[in-house]
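Notes follow once the structure below has been shown.
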Amino acid sequence: MIPRTVILSYALGTGHRQVAGILARELSHLGHACEHRPLEEWVPLDYDLLFRHGYLLLALRAPSVWDGMYNSGAFKKRKRLALPIMDRRVVRRFGQRIPEGVDLIVATQYNAMEVAADWKQKTGSSIKLAAVITDYDVYPLWARNEVDLFVLPHEGLKPMLLEQGIPEERLTATGIPVAPTFERNHDPSSARAALGLEDASPIVLLLGGGVGAGPLGKAALSALEVENCKVVVVCGLNKKLRRSLVPLAHANPSRLRVLGYRNDIPSLMAASSVIVTKGGGLSLSEALYMGRRVIVIPSLPGQERANIEYMGSHQWAGICRSVEDLPGMISRSLASPLPIVALPPNPARNAAERIDALVR
């Protein structure tokens with residue numbers, strides 16, 4: 001039997017979509033017929049405006065409001081995000097779009113999981129549902145009985161889900177599924193040569209995820225205060241940020257490289273001495289699997305700040321509370337040995353194998 005699998009993402013940033021693509025490839029290797037479907041193409045416009053565009057507006061323009069909502073007792077007690085009248089419409093449309101003959105749904109983001117779980121609850125469907133959590137924190141909203149398998153980033157998230165009544169056999173901690181290229185040994189010298197940075201100067205890589213979020217402009221200016229280092233900024237899809245850094249790059253032509261969206265992040269990480277990034281779960285995991293020194297700059301509120309606290313509590317990354325502190329942190333990081341971080345090996349392959357077992 002060839003399992004037919006739909007992988008659902010929802011574009012709050014690019015990490016959830018990237019994880020969906022990684023799992024699609026791994027499950028295809030295991031014999032699945034996979035389709036990656038972005039949830040934003042299936043839901044009504046008002047739902048998308050509220051949850052996707054509304055989240056980005058709050059997180060980027062009113063971060064204190066979103067942080068207060070995320071950490072409030074009322075939010076943690078909610079059973080679902082969507083209001084009943086909206087939920088009924090979304091579920092109906094979801095049912096109209098799910099292909100016939102599907103055996104398995106894999107959700108890499110909360111909204112995608114909620115819609116699929118609500119549809120299973122209302123229709124009594126026997127399709128298996130796996131939820132892949134891509135942050136180092138989880139909240140009670142995730143605890144849905146319709147989910148047949150929760151793929152977790154670490155063992156520490158199990159107790160909360162167990163307290164919510166999820167059976168232990170439905171929980172597996174594989175690590176966040178990063179692309180296998182981040183686990184391979186890369187030659188730093190070759191990576192530097194490919195970038196045209198062949199001297200021995202330390203390289204500081206600044207990342208803001210696929211959307212180029214976070215104070216990257218200020219961080220670039222601060223990083224240039226560190227003597228004898230070169231700075232590479234990846235702006236992602238943030239064209240405004242990239243344009244704003246052009247004058248600084250022209251003023252520092254031998255020390256600052258400004259890049260747009262890139263598909264060669266493993267090579268850029270391999271070339272770097274220190275990675276400065278925001279608190280996205282996938283970005284942090286990629287940097288740690290590459291075995292690089294990591295500094296986390298002020299990030300989006302909510303789950304990203306929870307990721308930062310987890311990194312700090314395990315001393316896996318330096319936590320930069322203010323960009324003004326970045327030069328000193330970079331200097332200290334360069335003087336320290338490379339970190340040794342105990343992460344689960346082969347997270348993408350192991351996650352795919354656990355998911356595959358649902359339909360075997």
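Within each chain, counting starts at residue 1; across the structure tokens, chains are named A, B, ... in the order shown, with ligands numbered 1 upward in that order.
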
Problem set entry | Exercise: segment 291-306 of chain A partners within 7 Å, only C-alpha atoms, chain neighbours under 6 positions left out, as a list of chain:residue names |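 After dropping sequence-adjacent residues, the list is A:Ala59, A:Pro63, A:Trp66, A:Asp67, A:Tyr70, A:Asp135, A:Asp137, A:Gly214, A:Ser273, A:Val274, A:Ile275, A:Val276, A:Thr277, A:Lys278, A:Gly279, A:Gly280, A:Ala317, A:Gly318, A:Ile319, A:Cys320, A:Arg321, A:Ser322, A:Val323, A:Ser333, A:Leu338, A:Pro339.
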
Problem set entry | Contact residues around Tyr261 of chain A with only C-alpha atoms at 8 Å, ignoring same-chain residues under 2 positions, as a ChimeraX atom specification | /A:210,234-237,259,263

May I have the selected residues written with N, CA and C atoms, as a CSV table (one decimal), in the first residue's frame?
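Wrote it out as result17.csv, contents follow:
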```csv
chain,number,residue,atom,x,y,z
A,210,GLY,N,13.1,33.7,7.4
A,210,GLY,CA,12.8,33.9,6.0
A,210,GLY,C,12.2,35.3,5.7
A,234,VAL,N,21.6,38.3,6.3
A,234,VAL,CA,20.6,37.7,5.4
A,234,VAL,C,19.3,38.3,5.7
A,235,CYS,N,18.8,39.1,4.7
A,235,CYS,CA,17.5,39.9,4.9
A,235,CYS,C,16.3,39.1,4.6
A,236,GLY,N,16.4,37.9,4.0
A,236,GLY,CA,15.3,37.2,3.6
A,236,GLY,C,14.4,37.9,2.7
A,237,LEU,N,13.1,37.9,2.9
A,237,LEU,CA,12.1,38.5,2.0
A,237,LEU,C,11.9,40.0,2.3
A,259,LEU,N,22.7,40.3,2.0
A,259,LEU,CA,22.1,39.4,1.1
A,259,LEU,C,20.6,39.3,1.2
A,263,ASN,N,19.0,30.2,-0.5
A,263,ASN,CA,18.7,28.8,-0.3
A,263,ASN,C,20.0,28.0,0.1
```

Problem set entry | Length of the atom CA of Trp142 of chain A to atom CA of Val106 of chain A vector [Å] | 13.8 Å

Counting only C-alpha atoms, which residues in segment 265-336 of chain A sit no more than 9 Å from segment 4-28 of chain A? For each one, give the nearest pair of atoms and the distance in Å, sorted by chain then residue number, as a Markdown table.
```
| residue | atom | partner | partner_atom | distance |
| --- | --- | --- | --- | --- |
| A:Gly280 | CA | A:Gly15 | CA | 7.7 |
| A:Gly281 | CA | A:Gly15 | CA | 8.0 |
| A:Leu282 | CA | A:Gly15 | CA | 6.0 |
| A:Ser283 | CA | A:Gly15 | CA | 7.7 |
```

For segment 93-147 of chain A versus segment 158-180 of chain A, which residues have an atom no more than 8 Å away, and what is each residue's nearest atom pair and distance in Å rounded to one decimal, using only C-alpha atoms, chain-then-number order, as CSV?
```
residue,atom,partner,partner_atom,distance
A:Ile133,CA,A:Ile176,CA,7.4
A:Thr134,CA,A:Ile176,CA,5.7
A:Asp135,CA,A:Ile176,CA,7.7
A:Tyr139,CA,A:Met160,CA,7.9
A:Pro140,CA,A:Gln164,CA,7.0
A:Ala143,CA,A:Leu161,CA,6.0
A:Arg144,CA,A:Ile166,CA,7.6
A:Asn145,CA,A:Ile166,CA,6.7
```

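Picture a line from atom CA of Val246 of chain A to atom CA of Ser267 of chain A; it runs 23.0 Å.
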